[in-house]
>>> print(open('model_28.cif').read())   # mmCIF, C-alpha atoms and all ligand atoms
data_coords
#
loop_
_atom_site.label_atom_id
_atom_site.label_comp_id
_atom_site.auth_asym_id
_atom_site.auth_seq_id
_atom_site.Cartn_x
_atom_site.Cartn_y
_atom_site.Cartn_z
CA MET K 1 -28.00 -2.48 42.26
CA PHE K 2 -26.38 0.61 40.80
CA ARG K 3 -23.09 -1.23 40.46
CA LYS K 4 -24.71 -4.20 38.69
CA SER K 5 -26.42 -2.02 36.05
CA TRP K 6 -23.17 -0.20 35.46
CA VAL K 7 -21.39 -3.49 34.70
CA ILE K 8 -24.17 -4.58 32.36
CA LEU K 9 -24.03 -1.22 30.57
CA VAL K 10 -20.27 -1.48 30.00
CA PHE K 11 -20.73 -5.05 28.77
CA LEU K 12 -23.40 -3.97 26.27
CA ILE K 13 -21.24 -1.12 24.97
CA LEU K 14 -18.34 -3.54 24.48
CA ILE K 15 -20.54 -5.97 22.55
CA GLY K 16 -21.82 -3.08 20.42
CA CYS K 17 -18.29 -1.95 19.58
CA LEU K 18 -17.29 -5.46 18.58
CA ALA K 19 -20.34 -5.89 16.37
CA VAL K 20 -19.69 -2.61 14.53
CA GLY K 21 -15.98 -3.31 14.18
CA THR K 22 -16.31 -6.77 12.68
CA ALA K 23 -18.73 -5.69 9.95
CA GLY K 24 -17.15 -6.25 6.55
CA GLN K 25 -13.91 -7.84 7.61
CA ASN K 26 -12.73 -11.06 9.14
CA ALA K 27 -9.99 -9.76 11.39
CA ALA K 28 -11.07 -8.86 14.89
CA PRO K 29 -10.82 -5.14 15.60
CA ILE K 30 -8.40 -4.10 18.26
CA ASP K 31 -6.82 -0.85 19.31
CA SER K 32 -4.30 0.21 16.67
CA THR K 33 -1.65 0.87 19.29
CA VAL K 34 -1.64 -2.84 20.11
CA VAL K 35 -0.83 -3.95 16.54
CA GLU K 36 2.94 -4.05 16.54
CA SER K 37 3.73 -7.62 15.56
CA VAL K 38 4.27 -6.77 11.89
CA GLY K 39 5.75 -3.46 10.82
CA THR K 40 6.64 -1.99 7.47
CA TRP K 41 8.98 -4.80 6.51
CA MET K 42 9.77 -8.38 7.45
CA ASP K 43 11.62 -11.15 5.67
CA THR K 44 9.70 -14.29 6.58
CA LEU K 45 6.41 -14.94 4.85
CA PRO K 46 3.81 -15.67 7.54
CA GLU K 47 2.86 -19.34 7.32
CA TRP K 48 -0.61 -19.80 5.87
CA ASP K 49 -2.92 -21.56 8.33
CA GLY K 50 -5.06 -23.10 5.57
CA THR K 51 -8.00 -20.72 5.92
CA TYR K 52 -9.08 -18.65 2.91
CA ARG K 53 -9.94 -15.15 4.01
CA ARG K 54 -11.57 -12.13 2.41
CA ILE K 55 -10.68 -8.79 3.92
CA ARG K 56 -11.84 -5.33 2.90
CA VAL K 57 -8.99 -2.82 2.99
CA PRO K 58 -8.91 0.08 0.52
CA ILE K 59 -5.39 0.39 -0.95
CA LEU K 60 -5.19 3.99 -2.08
CA MET K 61 -3.01 4.61 -5.14
CA TYR K 62 -1.30 7.98 -5.38
CA HIS K 63 1.26 9.10 -7.94
CA TYR K 64 2.54 12.72 -7.88
CA VAL K 65 1.89 14.77 -4.75
CA SER K 66 2.88 18.13 -6.20
CA GLU K 67 1.55 20.99 -8.28
CA PRO K 68 1.95 20.02 -11.99
CA PRO K 69 4.41 22.39 -13.71
CA GLU K 70 2.99 24.73 -16.34
CA ALA K 71 2.40 23.10 -19.71
CA SER K 72 2.10 19.65 -18.15
CA ASP K 73 0.40 17.01 -20.25
CA ASP K 74 -2.91 15.42 -19.29
CA THR K 75 -1.25 12.38 -17.70
CA ARG K 76 0.85 14.50 -15.36
CA ILE K 77 -2.20 16.58 -14.41
CA THR K 78 -4.48 13.58 -13.84
CA LEU K 79 -1.88 11.77 -11.74
CA SER K 80 -1.22 14.78 -9.49
CA VAL K 81 -2.65 15.63 -6.11
CA THR K 82 -1.56 18.98 -4.68
CA PRO K 83 0.30 18.99 -1.34
CA ASP K 84 -2.63 20.87 0.26
CA MET K 85 -5.14 18.29 -0.98
CA PHE K 86 -2.88 15.47 0.17
CA ARG K 87 -2.70 16.99 3.66
CA ALA K 88 -6.48 17.33 3.63
CA HIS K 89 -6.79 13.64 2.68
CA MET K 90 -4.52 12.59 5.56
CA GLN K 91 -6.39 14.88 7.96
CA TYR K 92 -9.65 13.25 6.85
CA LEU K 93 -8.22 9.77 7.52
CA PHE K 94 -6.90 10.89 10.89
CA ASP K 95 -10.14 12.58 11.98
CA GLY K 96 -12.21 9.66 10.70
CA GLY K 97 -10.29 7.11 12.76
CA TYR K 98 -8.74 5.37 9.76
CA ASN K 99 -5.57 3.38 10.43
CA PRO K 100 -2.99 3.18 7.63
CA ILE K 101 -1.32 -0.25 7.69
CA SER K 102 1.52 -1.80 5.69
CA LEU K 103 1.07 -4.44 3.00
CA TYR K 104 3.00 -6.73 5.37
CA GLN K 105 0.20 -6.39 7.91
CA LEU K 106 -2.41 -7.05 5.23
CA ILE K 107 -0.68 -10.23 4.00
CA ASP K 108 -0.28 -11.38 7.61
CA ALA K 109 -4.00 -10.88 8.18
CA LEU K 110 -4.88 -12.78 4.97
CA ARG K 111 -2.61 -15.73 5.76
CA THR K 112 -2.82 -16.08 9.53
CA GLY K 113 -5.88 -14.11 10.60
CA ALA K 114 -3.69 -11.62 12.45
CA ALA K 115 -5.75 -8.77 13.82
CA LEU K 116 -5.92 -5.47 11.96
CA PRO K 117 -6.80 -2.13 13.49
CA VAL K 118 -10.29 -0.78 12.85
CA LYS K 119 -10.82 1.08 9.55
CA PRO K 120 -7.58 -0.12 7.97
CA VAL K 121 -6.32 1.50 4.78
CA VAL K 122 -3.06 1.15 2.80
CA LEU K 123 -1.40 4.24 1.31
CA THR K 124 0.63 3.51 -1.84
CA PHE K 125 2.68 5.91 -3.98
CA ASP K 126 3.78 4.72 -7.41
CA ASP K 127 6.96 5.52 -9.35
CA GLY K 128 9.13 7.10 -6.63
CA TYR K 129 8.96 10.82 -7.40
CA THR K 130 10.99 13.41 -5.45
CA ASP K 131 7.80 14.75 -3.91
CA HIS K 132 7.42 11.41 -2.14
CA PHE K 133 10.46 12.45 -0.11
CA SER K 134 9.87 16.21 0.12
CA THR K 135 6.10 16.13 0.79
CA VAL K 136 4.64 12.67 1.37
CA TYR K 137 7.29 11.51 3.84
CA PRO K 138 7.04 14.50 6.26
CA VAL K 139 3.24 14.57 6.08
CA LEU K 140 2.95 10.85 6.84
CA HIS K 141 5.41 11.33 9.67
CA GLN K 142 3.36 14.20 11.06
CA PHE K 143 0.27 12.00 11.24
CA GLY K 144 2.15 8.90 12.40
CA PHE K 145 1.05 7.05 9.24
CA THR K 146 2.90 4.36 7.32
CA GLY K 147 2.99 4.23 3.52
CA THR K 148 4.37 2.16 0.66
CA ILE K 149 6.40 3.60 -2.21
CA PHE K 150 6.80 1.59 -5.41
CA VAL K 151 10.20 2.47 -6.85
CA ILE K 152 11.25 2.30 -10.52
CA THR K 153 14.83 1.39 -9.68
CA GLY K 154 16.30 2.44 -13.02
CA ALA K 155 15.45 6.06 -12.12
CA PRO K 156 17.80 6.42 -9.12
CA ASP K 157 20.35 4.23 -10.94
CA ASN K 158 20.47 6.90 -13.65
CA SER K 159 19.91 9.90 -11.34
CA ALA K 160 16.78 10.66 -13.36
CA PRO K 161 15.50 14.19 -12.64
CA GLY K 162 12.25 14.31 -10.67
CA TYR K 163 12.79 10.88 -9.10
CA LEU K 164 14.02 9.80 -5.66
CA SER K 165 17.71 9.19 -5.10
CA TRP K 166 19.07 6.05 -3.44
CA PRO K 167 19.99 7.91 -0.22
CA GLN K 168 16.41 9.25 0.03
CA ILE K 169 15.04 5.74 -0.60
CA ALA K 170 17.37 4.28 2.04
CA GLU K 171 16.38 6.93 4.58
CA MET K 172 12.66 6.27 4.13
CA ALA K 173 13.19 2.50 4.29
CA GLU K 174 14.76 3.03 7.72
CA SER K 175 11.68 4.91 8.92
CA SER K 176 8.06 3.91 8.65
CA ILE K 177 7.85 3.61 4.87
CA SER K 178 7.96 0.34 2.88
CA MET K 179 10.07 0.66 -0.28
CA GLU K 180 8.79 -1.84 -2.83
CA ASN K 181 9.28 -3.05 -6.41
CA HIS K 182 7.86 -1.21 -9.46
CA THR K 183 10.34 -2.90 -11.87
CA ARG K 184 13.57 -1.48 -13.21
CA ASP K 185 12.27 0.48 -16.20
CA HIS K 186 8.47 0.63 -15.82
CA ILE K 187 7.79 -1.51 -18.88
CA ASP K 188 4.57 -3.27 -19.91
CA LEU K 189 5.11 -6.75 -18.41
CA ARG K 190 2.78 -8.52 -20.86
CA ASN K 191 4.21 -10.76 -23.61
CA GLN K 192 7.79 -10.40 -22.39
CA ASP K 193 10.38 -13.15 -22.57
CA TYR K 194 11.81 -14.80 -19.48
CA ASP K 195 15.10 -12.87 -19.49
CA THR K 196 13.36 -9.51 -19.73
CA LEU K 197 11.00 -10.35 -16.88
CA VAL K 198 13.86 -11.53 -14.68
CA TYR K 199 15.90 -8.41 -15.50
CA GLN K 200 12.98 -6.10 -14.77
CA LEU K 201 11.57 -7.79 -11.67
CA LEU K 202 14.53 -9.53 -10.05
CA GLY K 203 16.84 -6.67 -11.05
CA ALA K 204 14.68 -4.19 -9.15
CA GLN K 205 14.53 -6.57 -6.16
CA GLU K 206 18.31 -6.77 -6.05
CA SER K 207 18.85 -3.02 -6.36
CA LEU K 208 16.42 -2.31 -3.52
CA LEU K 209 18.12 -4.94 -1.37
CA ALA K 210 21.56 -3.50 -2.16
CA TYR K 211 20.60 0.06 -1.20
CA THR K 212 18.15 -0.51 1.67
CA GLY K 213 19.35 -3.82 3.13
CA ARG K 214 15.84 -5.20 2.69
CA THR K 215 14.39 -7.50 0.05
CA PRO K 216 11.10 -6.03 -1.11
CA HIS K 217 8.20 -8.50 -1.07
CA PHE K 218 5.58 -6.55 -3.03
CA VAL K 219 5.32 -5.51 -6.67
CA ALA K 220 3.10 -2.98 -8.38
CA TYR K 221 2.56 -3.75 -12.08
CA PRO K 222 3.61 -0.78 -14.26
CA MET K 223 0.43 0.74 -15.75
CA GLY K 224 -1.34 -2.23 -14.16
CA PHE K 225 -0.26 -4.57 -16.99
CA TYR K 226 0.59 -8.23 -16.37
CA ASP K 227 -0.19 -11.63 -17.84
CA GLU K 228 0.22 -15.32 -16.99
CA GLY K 229 3.94 -15.17 -17.83
CA THR K 230 4.38 -12.34 -15.30
CA LEU K 231 2.54 -14.31 -12.62
CA GLU K 232 4.69 -17.39 -13.32
CA ILE K 233 7.91 -15.45 -12.71
CA LEU K 234 6.52 -13.84 -9.57
CA ARG K 235 5.65 -17.25 -8.12
CA THR K 236 9.34 -18.19 -8.31
CA MET K 237 10.41 -14.98 -6.54
CA PRO K 238 10.09 -13.95 -2.88
CA VAL K 239 7.09 -11.81 -3.85
CA TRP K 240 4.18 -12.12 -1.43
CA GLY K 241 1.74 -9.77 -3.09
CA ALA K 242 1.34 -7.77 -6.30
CA LEU K 243 -0.85 -4.76 -6.94
CA THR K 244 -2.91 -4.02 -10.03
CA THR K 245 -4.71 -0.82 -10.98
CA GLN K 246 -8.09 -2.57 -11.02
CA PHE K 247 -10.65 -0.91 -8.82
CA GLY K 248 -11.68 -2.56 -5.60
CA ALA K 249 -10.98 -2.95 -1.89
CA LEU K 250 -11.64 -6.66 -1.30
CA HIS K 251 -8.61 -8.94 -0.96
CA THR K 252 -8.49 -12.71 -0.70
CA THR K 253 -5.78 -15.12 0.44
CA ASP K 254 -5.60 -16.84 -2.96
CA ARG K 255 -5.42 -13.66 -5.09
CA ALA K 256 -2.49 -11.93 -3.42
CA LEU K 257 -0.72 -11.48 -6.78
CA GLU K 258 -3.71 -9.57 -8.19
CA MET K 259 -4.70 -7.10 -5.51
CA SER K 260 -7.02 -4.31 -6.51
CA ARG K 261 -6.59 -0.66 -5.58
CA VAL K 262 -8.46 2.62 -5.33
CA ARG K 263 -7.09 5.25 -7.72
CA ILE K 264 -6.63 8.79 -6.47
CA SER K 265 -6.60 11.47 -9.18
CA ASN K 266 -6.40 15.25 -9.38
CA GLU K 267 -10.20 15.28 -9.08
CA THR K 268 -10.30 13.32 -5.82
CA ASN K 269 -11.27 15.96 -3.29
CA VAL K 270 -12.00 15.06 0.32
CA ALA K 271 -15.67 14.26 -0.37
CA ALA K 272 -14.64 11.98 -3.25
CA LEU K 273 -12.07 10.27 -1.04
CA ALA K 274 -14.73 9.72 1.63
CA ALA K 275 -16.96 8.04 -0.96
CA LEU K 276 -14.12 5.89 -2.35
CA LEU K 277 -13.27 4.62 1.14
CA GLN K 278 -16.79 3.24 1.42
CA THR K 279 -16.53 1.02 -1.66
CA ASP K 280 -17.80 -2.50 -1.18
CA SER K 281 -16.38 -3.99 -4.37
ZN ZN K 301 3.91 3.42 -12.35
#
>>> encode(input="model_28.cif", output="structure tokens", more="lines below")
Ligand SMILES: [Zn+2]
Amino acid sequence: MFRKSWVILVFLILIGCLAVGTAGQNAAPIDSTVVESVGTWMDTLPEWDGTYRRIRVPILMYHYVSEPPEASDDTRITLSVTPDMFRAHMQYLFDGGYNPISLYQLIDALRTGAALPVKPVVLTFDDGYTDHFSTVYPVLHQFGFTGTIFVITGAPDNSAPGYLSWPQIAEMAESSISMENHTRDHIDLRNQDYDTLVYQLLGAQESLLAYTGRTPHFVAYPMGFYDEGTLEILRTMPVWGALTTQFGALHTTDRALEMSRVRISNETNVAALAALLQTDS
């Protein structure tokens, strides 16, 4: 009798866990340690099985993770999270059972229904600043988290001060970080002619491939700007997803070129991050 009730109890707990885990997302929850089929990069777009899916995954958007120098302008200040605050954010995710995933895992889930870990989140870092190597990279490594850095490839091409170098980019690409496309020169992609769009988007693809050995498959629109002409070019490229700066955490199979994100600013303390992670939009 004792044994029978024990089995029933375990069964009920399992059902309870499943019910909680499936709330708000289509992918079945499984232990994060089991999800190894898709890593931080792959070169074959998962074949779509014909099912449209809607999955809630907050894609956090960071820029600088460093103390703004004295006399910084408002943009630099607003776009900066201090290293201490960044560590506190990652600690919060770790303690809260969040599981940072790659955009490759997200696209796989949207197209094939591949399972995602519980409480998935994507960590993105725009522009490719040196602090992404000196601070973000070791902190992510410490927590065992993956992240995605959107590189403005003209910056390392010109050894621009304050930006990542190609060797740093190549080293991170070899580890658990996805190095993706943020165009060559960070221009407004609206109302541009074909040649300019190809130069900016395909040029950045080719540079990243040349230095990392991997074709990037994701783009972040500079300043969040894009138009129909931008989308048309992207559809002819091996780009599987593109990220806007529009607020939201819901992603659908048919809107992969217009994925929303959750902006992190200098005012995003841990309590604010906790609230942002709960967004239902
Ligand atoms: Zn940018």
>>> residues_near_ligand(input="model_28.cif", ligand="ligand ZN 301 (chain K)", cutoff="7 Å", atoms="all atoms listed in the file", output="list in words")
Asp126, Asp127, His182, His186, Pro222 and Met223 of chain K
>>> residues_around(input="model_28.cif", residues="Pro167 of chain K", least_positions_apart="4", cutoff="12 Å", atoms="all atoms listed in the file", output="compact mmCIF listing (two decimals) with C-alpha atoms, in the coordinates of the input")
# COMPACT_ATOMS: atom_id res chain seq x y z
CA THR K 130 10.99 13.41 -5.45
CA PHE K 133 10.46 12.45 -0.11
CA PRO K 156 17.80 6.42 -9.12
CA ASP K 157 20.35 4.23 -10.94
CA SER K 159 19.91 9.90 -11.34
CA TYR K 163 12.79 10.88 -9.10
CA GLU K 171 16.38 6.93 4.58
CA MET K 172 12.66 6.27 4.13
CA ALA K 173 13.19 2.50 4.29
CA GLU K 174 14.76 3.03 7.72
CA LEU K 208 16.42 -2.31 -3.52
CA ALA K 210 21.56 -3.50 -2.16
CA TYR K 211 20.60 0.06 -1.20
CA THR K 212 18.15 -0.51 1.67
>>> closest_residue(input="model_28.cif", among="K:Ala114, K:Leu60, K:Ala204, K:Leu106", to="Arg261 of chain K", atoms="all atoms listed in the file")
K:Leu60
>>> closest_residue(input="model_28.cif", among="K:Gln200, K:Asn266, K:Met179, K:Gly213", to="Pro83 of chain K", atoms="all atoms listed in the file")
K:Asn266
>>> closest_residue(input="model_28.cif", among="K:Ser72, K:Pro238, K:Val139, K:Ala274", to="Asp95 of chain K", atoms="all atoms listed in the file")
K:Ala274
>>> residues_near_point(input="model_28.cif", point="(-6.8, 9.9, -4.1)", cutoff="9 Å", atoms="all atoms listed in the file", output="number ranges by chain")
K: 60-63, 81, 86, 89, 262-270, 272-273, 276
>>> closest_residue(input="model_28.cif", among="K:Ile101, K:Ala109, K:Ala88, K:Ile177", to="His251 of chain K", atoms="all atoms listed in the file")
K:Ala109
>>> residues_around(input="model_28.cif", residues="Ala249 of chain K", least_positions_apart="2", cutoff="8 Å", atoms="all atoms listed in the file", output="number ranges by chain")
K: 56-59, 247, 251, 260-262, 279-281
>>> closest_residue(input="model_28.cif", among="K:Leu257, K:Asn158, K:Asp49, K:Thr245", to="Gly224 of chain K", atoms="only C-alpha atoms")
K:Thr245
>>> closest_residue(input="model_28.cif", among="K:Ser207, K:Tyr199, K:Val118, K:Ser134", to="Thr153 of chain K", atoms="only C-alpha atoms")
K:Ser207
>>> atom_distance(input="model_28.cif", atom1="atom CA of Gly248 of chain K", atom2="atom CA of Gln142 of chain K")
28.0 Å
